[in-house]
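target.cif, holding mmCIF, C-alpha atoms:
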data_entry
loop_
_atom_site.group_PDB
_atom_site.id
_atom_site.type_symbol
_atom_site.label_atom_id
_atom_site.label_comp_id
_atom_site.auth_asym_id
_atom_site.auth_seq_id
_atom_site.Cartn_x
_atom_site.Cartn_y
_atom_site.Cartn_z
ATOM 1 C CA MET A 136 155.211 -178.772 125.288
ATOM 2 C CA LYS A 137 156.247 -178.398 128.918
ATOM 3 C CA ASN A 138 157.326 -174.809 128.279
ATOM 4 C CA LEU A 139 153.957 -174.067 126.662
ATOM 5 C CA LEU A 140 152.070 -175.491 129.642
ATOM 6 C CA ARG A 141 154.302 -173.588 132.060
ATOM 7 C CA THR A 142 153.633 -170.319 130.200
ATOM 8 C CA ALA A 143 149.875 -170.966 130.193
ATOM 9 C CA LEU A 144 149.945 -171.644 133.939
ATOM 10 C CA VAL A 145 151.827 -168.409 134.628
ATOM 11 C CA LEU A 146 149.322 -166.428 132.564
ATOM 12 C CA LEU A 147 146.415 -168.003 134.436
ATOM 13 C CA LEU A 148 147.980 -167.121 137.769
ATOM 14 C CA MET A 149 148.638 -163.566 136.655
ATOM 15 C CA ALA A 150 145.129 -162.936 135.313
ATOM 16 C CA PRO A 151 143.356 -162.549 138.692
ATOM 17 C CA PHE A 152 146.013 -160.082 139.846
ATOM 18 C CA ALA A 153 145.514 -158.038 136.679
ATOM 19 C CA VAL A 154 141.785 -157.800 137.420
ATOM 20 C CA LEU A 155 142.428 -156.842 141.019
ATOM 21 C CA ARG A 156 144.810 -154.107 139.969
ATOM 22 C CA ALA A 157 142.307 -152.718 137.468
ATOM 23 C CA GLN A 158 139.646 -152.614 140.193
ATOM 24 C CA GLN A 159 141.802 -151.704 143.176
ATOM 25 C CA VAL A 160 139.764 -150.603 146.190
ATOM 26 C CA TYR A 161 140.997 -147.402 147.845
ATOM 27 C CA GLY A 162 140.398 -146.671 151.528
ATOM 28 C CA GLU A 163 140.936 -142.935 151.206
ATOM 29 C CA GLY A 164 141.416 -140.226 148.650
ATOM 30 C CA THR A 165 139.928 -137.074 147.144
ATOM 31 C CA VAL A 166 137.952 -136.481 143.951
ATOM 32 C CA THR A 167 137.569 -132.909 142.670
ATOM 33 C CA TYR A 168 134.828 -131.928 140.210
ATOM 34 C CA ASN A 169 134.443 -128.744 138.188
ATOM 35 C CA ILE A 170 130.851 -127.540 137.946
ATOM 36 C CA VAL A 171 129.640 -126.359 134.553
ATOM 37 C CA VAL A 172 126.269 -124.625 134.226
ATOM 38 C CA ASN A 173 124.272 -126.159 131.383
ATOM 39 C CA THR A 174 123.177 -123.623 128.775
ATOM 40 C CA GLY A 175 119.582 -123.038 127.832
ATOM 41 C CA ASN A 176 118.282 -121.219 130.917
ATOM 42 C CA ASN A 177 117.574 -117.528 131.327
ATOM 43 C CA GLU A 178 119.152 -117.181 134.769
ATOM 44 C CA THR A 179 122.383 -115.644 133.481
ATOM 45 C CA LYS A 180 123.224 -113.787 136.689
ATOM 46 C CA ALA A 181 122.660 -116.894 138.795
ATOM 47 C CA ALA A 182 124.808 -118.895 136.407
ATOM 48 C CA ASP A 183 127.609 -116.340 136.766
ATOM 49 C CA LEU A 184 127.598 -116.936 140.515
ATOM 50 C CA LEU A 185 128.488 -120.560 139.894
ATOM 51 C CA ASP A 186 131.317 -119.735 137.533
ATOM 52 C CA GLY A 187 134.375 -121.558 138.858
ATOM 53 C CA ALA A 188 132.375 -123.601 141.374
ATOM 54 C CA THR A 189 133.856 -126.904 142.494
ATOM 55 C CA GLN A 190 132.865 -129.963 144.444
ATOM 56 C CA LYS A 191 135.316 -132.081 146.414
ATOM 57 C CA ILE A 192 134.629 -135.463 147.970
ATOM 58 C CA TYR A 193 137.067 -136.671 150.618
ATOM 59 C CA PHE A 194 137.034 -140.381 151.455
ATOM 60 C CA LYS A 195 138.447 -142.019 154.573
ATOM 61 C CA GLY A 196 137.116 -145.433 155.567
ATOM 62 C CA ILE A 197 133.406 -145.151 156.355
ATOM 63 C CA ASN A 198 133.473 -141.347 156.299
ATOM 64 C CA THR A 199 132.981 -138.863 153.484
ATOM 65 C CA ARG A 200 133.266 -135.091 153.438
ATOM 66 C CA THR A 201 131.674 -133.283 150.496
ATOM 67 C CA GLU A 202 132.486 -129.620 149.884
ATOM 68 C CA LEU A 203 130.518 -127.529 147.393
ATOM 69 C CA SER A 204 132.302 -124.192 146.917
ATOM 70 C CA SER A 205 131.356 -121.129 144.854
ATOM 71 C CA VAL A 206 131.673 -117.349 145.096
ATOM 72 C CA LEU A 207 128.501 -117.444 147.202
ATOM 73 C CA GLY A 208 130.086 -119.582 149.897
ATOM 74 C CA LYS A 209 130.474 -123.192 150.862
ATOM 75 C CA THR A 210 128.336 -126.156 151.898
ATOM 76 C CA ILE A 211 130.103 -128.986 153.711
ATOM 77 C CA THR A 212 128.477 -132.361 154.373
ATOM 78 C CA LEU A 213 130.015 -134.930 156.715
ATOM 79 C CA HIS A 214 128.523 -138.406 156.412
ATOM 80 C CA ASP A 215 129.135 -141.561 158.428
ATOM 81 C CA SER A 216 127.994 -144.493 156.266
ATOM 82 C CA ARG A 217 128.002 -146.935 159.198
ATOM 83 C CA GLN A 218 125.684 -144.901 161.426
ATOM 84 C CA GLY A 219 123.882 -143.177 158.548
ATOM 85 C CA ASN A 220 123.880 -139.785 160.270
ATOM 86 C CA ALA A 221 125.281 -136.574 158.801
ATOM 87 C CA VAL A 222 126.256 -132.996 159.600
ATOM 88 C CA VAL A 223 125.736 -130.159 157.120
ATOM 89 C CA MET A 224 127.557 -126.829 157.473
ATOM 90 C CA ASN A 225 126.500 -123.855 155.386
ATOM 91 C CA GLU A 226 128.997 -120.989 155.191
ATOM 92 C CA TYR A 227 127.625 -118.008 153.259
ATOM 93 C CA GLY A 228 129.140 -114.635 154.095
ATOM 94 C CA GLU A 229 129.076 -114.155 157.851
ATOM 95 C CA GLN A 230 126.238 -116.655 158.199
ATOM 96 C CA LYS A 231 127.442 -120.045 159.391
ATOM 97 C CA ILE A 232 124.805 -122.665 160.141
ATOM 98 C CA LEU A 233 125.285 -126.269 161.288
ATOM 99 C CA ILE A 234 122.550 -128.879 160.880
ATOM 100 C CA ARG A 235 122.797 -132.306 162.521
ATOM 101 C CA MET A 236 120.918 -135.082 160.734
ATOM 102 C CA THR A 237 119.824 -138.464 161.961
ATOM 103 C CA LYS A 238 119.787 -141.392 159.555
ATOM 104 C CA ASP A 239 116.069 -140.759 158.938
ATOM 105 C CA ASP A 240 116.730 -137.056 158.303
ATOM 106 C CA TYR A 241 119.478 -137.861 155.804
ATOM 107 C CA GLU A 242 117.271 -140.342 153.967
ATOM 108 C CA ASP A 243 114.427 -137.810 153.880
ATOM 109 C CA ARG A 244 116.750 -135.161 152.467
ATOM 110 C CA ASN A 245 117.697 -137.547 149.655
ATOM 111 C CA GLY A 246 114.236 -139.057 149.248
ATOM 112 C CA LYS A 247 114.008 -138.078 145.577
ATOM 113 C CA TYR A 248 116.671 -140.708 144.812
ATOM 114 C CA ALA A 249 114.869 -143.591 146.523
ATOM 115 C CA GLY A 250 114.296 -146.409 144.046
ATOM 116 C CA ILE A 251 116.609 -144.870 141.440
ATOM 117 C CA GLN A 252 117.190 -147.078 138.392
ATOM 118 C CA PHE A 253 119.874 -146.979 135.720
ATOM 119 C CA GLU A 254 119.693 -147.779 132.036
ATOM 120 C CA TYR A 255 123.113 -148.715 130.710
ATOM 121 C CA MET A 256 124.099 -147.388 127.313
ATOM 122 C CA SER A 257 126.807 -148.407 124.847
ATOM 123 C CA GLU A 258 128.409 -144.948 124.721
ATOM 124 C CA THR A 259 131.863 -144.641 126.297
ATOM 125 C CA LYS A 260 134.487 -141.951 126.903
ATOM 126 C CA LYS A 261 137.743 -141.430 128.785
ATOM 127 C CA ILE A 262 137.937 -139.076 131.754
ATOM 128 C CA LEU A 263 141.279 -138.490 133.472
ATOM 129 C CA GLY A 264 142.541 -141.625 131.763
ATOM 130 C CA TYR A 265 139.747 -143.805 133.182
ATOM 131 C CA ASN A 266 137.458 -145.765 130.861
ATOM 132 C CA CYS A 267 133.892 -144.618 131.458
ATOM 133 C CA LYS A 268 130.479 -145.878 130.386
ATOM 134 C CA LEU A 269 127.251 -143.914 130.062
ATOM 135 C CA ALA A 270 124.190 -144.634 132.191
ATOM 136 C CA ILE A 271 120.829 -142.846 132.258
ATOM 137 C CA ALA A 272 119.419 -142.499 135.760
ATOM 138 C CA LYS A 273 115.649 -142.613 136.135
ATOM 139 C CA LEU A 274 113.934 -141.214 139.237
ATOM 140 C CA LYS A 275 110.494 -142.038 140.581
ATOM 141 C CA ASP A 276 109.204 -138.586 139.573
ATOM 142 C CA GLY A 277 110.026 -139.375 135.946
ATOM 143 C CA SER A 278 113.088 -137.133 135.694
ATOM 144 C CA THR A 279 116.404 -138.404 134.360
ATOM 145 C CA PHE A 280 120.077 -137.492 134.378
ATOM 146 C CA ARG A 281 123.192 -138.724 132.600
ATOM 147 C CA VAL A 282 126.234 -140.127 134.345
ATOM 148 C CA TYR A 283 129.552 -141.450 133.066
ATOM 149 C CA TYR A 284 131.009 -144.005 135.470
ATOM 150 C CA THR A 285 134.150 -146.112 135.630
ATOM 151 C CA THR A 286 134.676 -149.560 137.094
ATOM 152 C CA ASP A 287 138.440 -148.941 137.273
ATOM 153 C CA LEU A 288 138.096 -146.758 140.372
ATOM 154 C CA VAL A 289 136.551 -148.129 143.581
ATOM 155 C CA PHE A 290 136.475 -146.578 147.042
ATOM 156 C CA GLN A 291 135.912 -148.642 150.167
ATOM 157 C CA ASN A 292 132.986 -146.405 151.124
ATOM 158 C CA LYS A 293 130.403 -146.786 148.373
ATOM 159 C CA ASP A 294 127.751 -144.787 150.229
ATOM 160 C CA TYR A 295 129.124 -141.414 149.077
ATOM 161 C CA GLY A 296 125.981 -140.235 147.295
ATOM 162 C CA ALA A 297 122.352 -141.340 147.371
ATOM 163 C CA GLN A 298 122.030 -140.757 143.625
ATOM 164 C CA PHE A 299 124.751 -143.334 142.912
ATOM 165 C CA LYS A 300 123.766 -146.052 145.371
ATOM 166 C CA ASN A 301 122.990 -148.665 142.701
ATOM 167 C CA LEU A 302 125.523 -147.500 140.130
ATOM 168 C CA PRO A 303 128.035 -150.297 139.317
ATOM 169 C CA GLY A 304 131.000 -147.936 139.258
ATOM 170 C CA PHE A 305 132.305 -144.529 140.299
ATOM 171 C CA PRO A 306 130.869 -141.378 138.629
ATOM 172 C CA LEU A 307 133.418 -139.108 136.961
ATOM 173 C CA GLU A 308 130.873 -136.952 135.129
ATOM 174 C CA TYR A 309 127.204 -136.460 135.933
ATOM 175 C CA GLU A 310 124.291 -134.076 135.668
ATOM 176 C CA SER A 311 122.779 -132.514 138.769
ATOM 177 C CA GLU A 312 120.626 -129.624 139.954
ATOM 178 C CA LEU A 313 121.639 -126.636 142.055
ATOM 179 C CA GLY A 314 118.509 -124.743 142.886
ATOM 180 C CA LYS A 315 116.655 -124.305 139.600
ATOM 181 C CA MET A 316 119.749 -124.676 137.465
ATOM 182 C CA LYS A 317 120.980 -127.834 135.807
ATOM 183 C CA VAL A 318 124.711 -128.339 136.011
ATOM 184 C CA THR A 319 127.287 -130.916 134.990
ATOM 185 C CA CYS A 320 129.957 -132.069 137.431
ATOM 186 C CA ILE A 321 133.139 -133.184 135.649
ATOM 187 C CA ALA A 322 136.019 -134.818 137.512
ATOM 188 C CA ASP A 323 139.143 -132.678 137.313
ATOM 189 C CA LYS A 324 141.447 -134.569 139.683
ATOM 190 C CA VAL A 325 141.627 -137.871 141.552
ATOM 191 C CA SER A 326 144.101 -138.122 144.418
ATOM 192 C CA PHE A 327 144.924 -141.051 146.710
ATOM 193 C CA ASP A 328 146.917 -138.980 149.185
ATOM 194 C CA PRO A 329 146.077 -139.548 152.880
ATOM 195 C CA VAL A 330 143.165 -137.483 154.189
ATOM 196 C CA PRO A 331 143.548 -136.084 157.763
ATOM 197 C CA ALA A 332 141.043 -137.599 160.191
ATOM 198 C CA ALA A 333 140.360 -134.116 161.587
ATOM 199 C CA MET A 334 138.553 -133.222 158.363
ATOM 200 C CA PHE A 335 135.650 -135.386 159.540
ATOM 201 C CA ASP A 336 135.333 -133.805 162.981
ATOM 202 C CA THR A 337 132.260 -131.701 163.706
ATOM 203 C CA PRO A 338 133.138 -128.129 164.783
ATOM 204 C CA LYS A 339 132.194 -127.328 168.382
ATOM 205 C CA THR A 340 132.061 -123.560 167.967
ATOM 206 C CA GLY A 341 131.604 -120.887 165.316
ATOM 207 C CA TYR A 342 128.240 -122.084 163.950
ATOM 208 C CA ARG A 343 124.605 -121.432 164.748
ATOM 209 C CA GLU A 344 122.973 -124.825 165.195
ATOM 210 C CA MET A 345 119.582 -125.593 163.687
ATOM 211 C CA THR A 346 117.607 -128.807 163.442
ATOM 212 C CA TYR A 347 116.725 -130.472 160.156
ATOM 213 C CA LYS A 348 113.034 -129.851 160.895
ATOM 214 C CA GLU A 349 113.656 -126.122 161.351
ATOM 215 C CA ILE A 350 115.388 -125.929 157.980
ATOM 216 C CA LYS A 351 112.519 -127.833 156.294
ATOM 217 C CA ASP A 352 109.943 -125.493 157.825
ATOM 218 C CA ILE A 353 111.857 -122.415 156.601
ATOM 219 C CA ARG A 354 112.010 -123.808 153.073
ATOM 220 C CA LYS A 355 108.280 -124.521 153.082
ATOM 221 C CA ASN A 356 107.554 -120.933 153.990
#

Exercise: express the given structure as structure tokens:
Amino acid sequence: MKNLLRTALVLLLMAPFAVLRAQQVYGEGTVTYNIVVNTGNNETKAADLLDGATQKIYFKGINTRTELSSVLGKTITLHDSRQGNAVVMNEYGEQKILIRMTKDDYEDRNGKYAGIQFEYMSETKKILGYNCKLAIAKLKDGSTFRVYYTTDLVFQNKDYGAQFKNLPGFPLEYESELGKMKVTCIADKVSFDPVPAAMFDTPKTGYREMTYKEIKDIRKN
């Protein structure tokens, strides 16, 4: 009887550690996504330009660096979740533009995701060995997108994407829009190797600086 009680006590003590291990919080790391253009549109040439496109998110404490790369070029976004400000660098051909964003600018840029809600489905799948669940995101404009998320993977900085702010897990596959095209981002690699702090520094030279307002005005016209 004593041995049975001792075994039960050991199992009870081990249980919390098992949960913590399954939901270990990582301070830094890198997640790489492959971008797949969803079929059904007539923009074949535009879709070809995104062939082989990738997105990488680098995490380090309160900072994230997101890189969207394709044959067209690269867009890099540096975000400080504590201050809320961001820097966006567009590198397309010889054109290199840097845009500094205040917290209000960053929130305006991602305004379409304000008030996002998720409907949780029973469908599941495994991605890179992680157990994932399906959720349907609903935006205020009535549009929706699918996302598969895992609760096994948690980064210290949860403010890595406005579209996932209320998601109870980390997205390993999700639908998005690039221009007029709908794409699916599918995680291809998750690394917990140290990320150099220099990757979150804002370049001092080599870019033409523009304000967020200037970029908005150009897009309107």

(request) Please evaluate the PyMOL selection byres ((chain A and resi 289-291) around 7) against the displayed coordinates and give the resulting residues as number ranges by chain. (result) A: 158-162, 196, 286-288, 292-293, 305

(request) Measure the distance from atom CA of A:Asp240 to atom CA of A:Ala221 in Å and round it to one decimal. (result)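 Value for the atom CA of A:Asp240-atom CA of A:Ala221 distance: 8.6 Å.
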
(request) Evaluate the PyMOL selection byres ((chain A and resi 211-217) around 8) on the structure here and hand back the selected residues as a ChimeraX atom specification. (result) /A:197-203,209-210,218-225,292,294-295,335

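With all atoms listed in the file as the atoms that count, the residue of A:Tyr241, A:Ser278, A:Ile234, A:Leu302 with the shortest distance to A:Phe253 is A:Leu302.
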
(request) Name every residue that the PyMOL selection byres ((chain A and resi 187) around 9) selects in this structure, writing the answer as an MDAnalysis selection string with chains first and numbers rising. (result) chainID A and resid 169:171 183:186 188:189 204:206

Selection from above, C-alpha atoms, as an mmCIF file, keeping the file's coordinate frame, can you write it?
data_model
loop_
_atom_site.group_PDB
_atom_site.id
_atom_site.type_symbol
_atom_site.label_atom_id
_atom_site.label_comp_id
_atom_site.auth_asym_id
_atom_site.auth_seq_id
_atom_site.Cartn_x
_atom_site.Cartn_y
_atom_site.Cartn_z
ATOM 1 C CA ASN A 169 134.443 -128.744 138.188
ATOM 2 C CA ILE A 170 130.851 -127.540 137.946
ATOM 3 C CA VAL A 171 129.640 -126.359 134.553
ATOM 4 C CA ASP A 183 127.609 -116.340 136.766
ATOM 5 C CA LEU A 184 127.598 -116.936 140.515
ATOM 6 C CA LEU A 185 128.488 -120.560 139.894
ATOM 7 C CA ASP A 186 131.317 -119.735 137.533
ATOM 8 C CA ALA A 188 132.375 -123.601 141.374
ATOM 9 C CA THR A 189 133.856 -126.904 142.494
ATOM 10 C CA SER A 204 132.302 -124.192 146.917
ATOM 11 C CA SER A 205 131.356 -121.129 144.854
ATOM 12 C CA VAL A 206 131.673 -117.349 145.096
#

(request) Determine the nearest neighbour of A:Thr167 from the options A:Thr340, A:Gln298, A:Ser326, A:Thr346, counting only C-alpha atoms. (result)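 With only C-alpha atoms as the atom set, the closest residue is A:Ser326.
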
(message) Let me make sure I understand: among A:Arg354, A:Lys324, A:Lys273, A:Lys195, which one has the smallest atom-to-atom distance to A:Gly250 if we use all atoms listed in the file?
(response)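 For A:Gly250, the nearest of the candidates is A:Lys273.
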
(request) Give as a ChimeraX atom specification each residue that has an atom at most 9 Å from (132.0, -139.8, 132.9) in the file, counting all atoms listed in the file. (result) /A:259-262,265-269,281-285,305-309,321-322

(request) Could you please determine the separation between atom CA of A:Val166 and atom CA of A:Glu310 in Å, to one decimal place? (result) 16.2 Å

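Using only C-alpha atoms for every distance, the candidate list A:Tyr255, A:Tyr227, A:Tyr248, A:Tyr193 yields A:Tyr193 as the residue closest to A:Asp328.
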
(message) My list of candidates is A:Pro303, A:Glu258, A:Gly246, A:Lys238. Which is closest to A:Asp276 when distances are computed with only C-alpha atoms?
(response)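 Looking at the shortest contact to A:Asp276, the residue is A:Gly246.
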
Please fill the gaps in stretch 288-312 of chain A so it has N, CA, C and O atoms, and write that as a PDB file, in the frame of the given file.
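Once everything was written out, this is out_3.pdb:
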ATOM      1  N   LEU A 288     137.856-147.510 139.150  1.00  0.00           N
ATOM      2  CA  LEU A 288     138.096-146.758 140.372  1.00  0.00           C
ATOM      3  C   LEU A 288     137.047-147.130 141.414  1.00  0.00           C
ATOM      4  O   LEU A 288     135.852-146.936 141.195  1.00  0.00           O
ATOM      5  N   VAL A 289     137.478-147.683 142.538  1.00  0.00           N
ATOM      6  CA  VAL A 289     136.551-148.129 143.581  1.00  0.00           C
ATOM      7  C   VAL A 289     137.040-147.641 144.937  1.00  0.00           C
ATOM      8  O   VAL A 289     138.195-147.853 145.300  1.00  0.00           O
ATOM      9  N   PHE A 290     136.151-146.974 145.678  1.00  0.00           N
ATOM     10  CA  PHE A 290     136.475-146.578 147.042  1.00  0.00           C
ATOM     11  C   PHE A 290     135.786-147.532 148.018  1.00  0.00           C
ATOM     12  O   PHE A 290     134.700-148.041 147.752  1.00  0.00           O
ATOM     13  N   GLN A 291     136.441-147.743 149.145  1.00  0.00           N
ATOM     14  CA  GLN A 291     135.912-148.642 150.167  1.00  0.00           C
ATOM     15  C   GLN A 291     134.510-148.234 150.594  1.00  0.00           C
ATOM     16  O   GLN A 291     133.634-149.062 150.782  1.00  0.00           O
ATOM     17  N   ASN A 292     134.291-146.933 150.742  1.00  0.00           N
ATOM     18  CA  ASN A 292     132.986-146.405 151.124  1.00  0.00           C
ATOM     19  C   ASN A 292     132.184-146.118 149.858  1.00  0.00           C
ATOM     20  O   ASN A 292     132.445-145.148 149.157  1.00  0.00           O
ATOM     21  N   LYS A 293     131.215-146.956 149.574  1.00  0.00           N
ATOM     22  CA  LYS A 293     130.403-146.786 148.373  1.00  0.00           C
ATOM     23  C   LYS A 293     129.157-145.939 148.622  1.00  0.00           C
ATOM     24  O   LYS A 293     128.398-145.645 147.708  1.00  0.00           O
ATOM     25  N   ASP A 294     128.944-145.557 149.886  1.00  0.00           N
ATOM     26  CA  ASP A 294     127.751-144.787 150.229  1.00  0.00           C
ATOM     27  C   ASP A 294     128.087-143.292 150.242  1.00  0.00           C
ATOM     28  O   ASP A 294     127.837-142.584 151.203  1.00  0.00           O
ATOM     29  N   TYR A 295     128.674-142.801 149.150  1.00  0.00           N
ATOM     30  CA  TYR A 295     129.124-141.414 149.077  1.00  0.00           C
ATOM     31  C   TYR A 295     128.068-140.497 148.485  1.00  0.00           C
ATOM     32  O   TYR A 295     128.198-139.275 148.553  1.00  0.00           O
ATOM     33  N   GLY A 296     127.025-141.056 147.900  1.00  0.00           N
ATOM     34  CA  GLY A 296     125.981-140.235 147.295  1.00  0.00           C
ATOM     35  C   GLY A 296     124.744-141.057 147.031  1.00  0.00           C
ATOM     36  O   GLY A 296     124.818-142.114 146.397  1.00  0.00           O
ATOM     37  N   ALA A 297     123.595-140.575 147.524  1.00  0.00           N
ATOM     38  CA  ALA A 297     122.352-141.340 147.371  1.00  0.00           C
ATOM     39  C   ALA A 297     121.995-141.566 145.913  1.00  0.00           C
ATOM     40  O   ALA A 297     121.396-142.585 145.562  1.00  0.00           O
ATOM     41  N   GLN A 298     122.383-140.630 145.041  1.00  0.00           N
ATOM     42  CA  GLN A 298     122.030-140.757 143.625  1.00  0.00           C
ATOM     43  C   GLN A 298     122.849-141.814 142.900  1.00  0.00           C
ATOM     44  O   GLN A 298     122.555-142.168 141.761  1.00  0.00           O
ATOM     45  N   PHE A 299     123.896-142.338 143.560  1.00  0.00           N
ATOM     46  CA  PHE A 299     124.751-143.334 142.912  1.00  0.00           C
ATOM     47  C   PHE A 299     124.747-144.675 143.641  1.00  0.00           C
ATOM     48  O   PHE A 299     125.619-145.514 143.426  1.00  0.00           O
ATOM     49  N   LYS A 300     123.779-144.872 144.499  1.00  0.00           N
ATOM     50  CA  LYS A 300     123.766-146.052 145.371  1.00  0.00           C
ATOM     51  C   LYS A 300     123.781-147.357 144.584  1.00  0.00           C
ATOM     52  O   LYS A 300     124.438-148.320 144.979  1.00  0.00           O
ATOM     53  N   ASN A 301     123.067-147.425 143.478  1.00  0.00           N
ATOM     54  CA  ASN A 301     122.990-148.665 142.701  1.00  0.00           C
ATOM     55  C   ASN A 301     123.854-148.642 141.446  1.00  0.00           C
ATOM     56  O   ASN A 301     123.775-149.552 140.622  1.00  0.00           O
ATOM     57  N   LEU A 302     124.672-147.613 141.308  1.00  0.00           N
ATOM     58  CA  LEU A 302     125.523-147.500 140.130  1.00  0.00           C
ATOM     59  C   LEU A 302     126.706-148.465 140.252  1.00  0.00           C
ATOM     60  O   LEU A 302     127.400-148.461 141.275  1.00  0.00           O
ATOM     61  N   PRO A 303     126.958-149.300 139.230  1.00  0.00           N
ATOM     62  CA  PRO A 303     128.035-150.297 139.317  1.00  0.00           C
ATOM     63  C   PRO A 303     129.421-149.737 139.003  1.00  0.00           C
ATOM     64  O   PRO A 303     130.209-150.340 138.275  1.00  0.00           O
ATOM     65  N   GLY A 304     129.712-148.554 139.518  1.00  0.00           N
ATOM     66  CA  GLY A 304     131.000-147.936 139.258  1.00  0.00           C
ATOM     67  C   GLY A 304     131.037-146.557 139.890  1.00  0.00           C
ATOM     68  O   GLY A 304     130.081-146.129 140.549  1.00  0.00           O
ATOM     69  N   PHE A 305     132.147-145.852 139.693  1.00  0.00           N
ATOM     70  CA  PHE A 305     132.305-144.529 140.299  1.00  0.00           C
ATOM     71  C   PHE A 305     132.033-143.446 139.259  1.00  0.00           C
ATOM     72  O   PHE A 305     132.583-143.491 138.150  1.00  0.00           O
ATOM     73  N   PRO A 306     131.211-142.429 139.591  1.00  0.00           N
ATOM     74  CA  PRO A 306     130.869-141.378 138.629  1.00  0.00           C
ATOM     75  C   PRO A 306     131.988-140.354 138.465  1.00  0.00           C
ATOM     76  O   PRO A 306     132.460-139.772 139.437  1.00  0.00           O
ATOM     77  N   LEU A 307     132.408-140.126 137.240  1.00  0.00           N
ATOM     78  CA  LEU A 307     133.418-139.108 136.961  1.00  0.00           C
ATOM     79  C   LEU A 307     132.830-137.921 136.197  1.00  0.00           C
ATOM     80  O   LEU A 307     133.488-136.897 136.040  1.00  0.00           O
ATOM     81  N   GLU A 308     131.597-138.073 135.727  1.00  0.00           N
ATOM     82  CA  GLU A 308     130.873-136.952 135.129  1.00  0.00           C
ATOM     83  C   GLU A 308     129.386-137.230 135.287  1.00  0.00           C
ATOM     84  O   GLU A 308     128.922-138.327 134.985  1.00  0.00           O
ATOM     85  N   TYR A 309     128.638-136.237 135.764  1.00  0.00           N
ATOM     86  CA  TYR A 309     127.204-136.460 135.933  1.00  0.00           C
ATOM     87  C   TYR A 309     126.443-135.140 135.967  1.00  0.00           C
ATOM     88  O   TYR A 309     127.009-134.083 136.263  1.00  0.00           O
ATOM     89  N   GLU A 310     125.173-135.233 135.633  1.00  0.00           N
ATOM     90  CA  GLU A 310     124.291-134.076 135.668  1.00  0.00           C
ATOM     91  C   GLU A 310     123.634-133.975 137.040  1.00  0.00           C
ATOM     92  O   GLU A 310     123.352-134.981 137.678  1.00  0.00           O
ATOM     93  N   SER A 311     123.402-132.729 137.474  1.00  0.00           N
ATOM     94  CA  SER A 311     122.779-132.514 138.769  1.00  0.00           C
ATOM     95  C   SER A 311     121.979-131.219 138.726  1.00  0.00           C
ATOM     96  O   SER A 311     121.909-130.558 137.687  1.00  0.00           O
ATOM     97  N   GLU A 312     121.378-130.871 139.858  1.00  0.00           N
ATOM     98  CA  GLU A 312     120.626-129.624 139.954  1.00  0.00           C
ATOM     99  C   GLU A 312     121.108-128.836 141.161  1.00  0.00           C
ATOM    100  O   GLU A 312     121.289-129.390 142.240  1.00  0.00           O
TER     101      GLU A 312
END
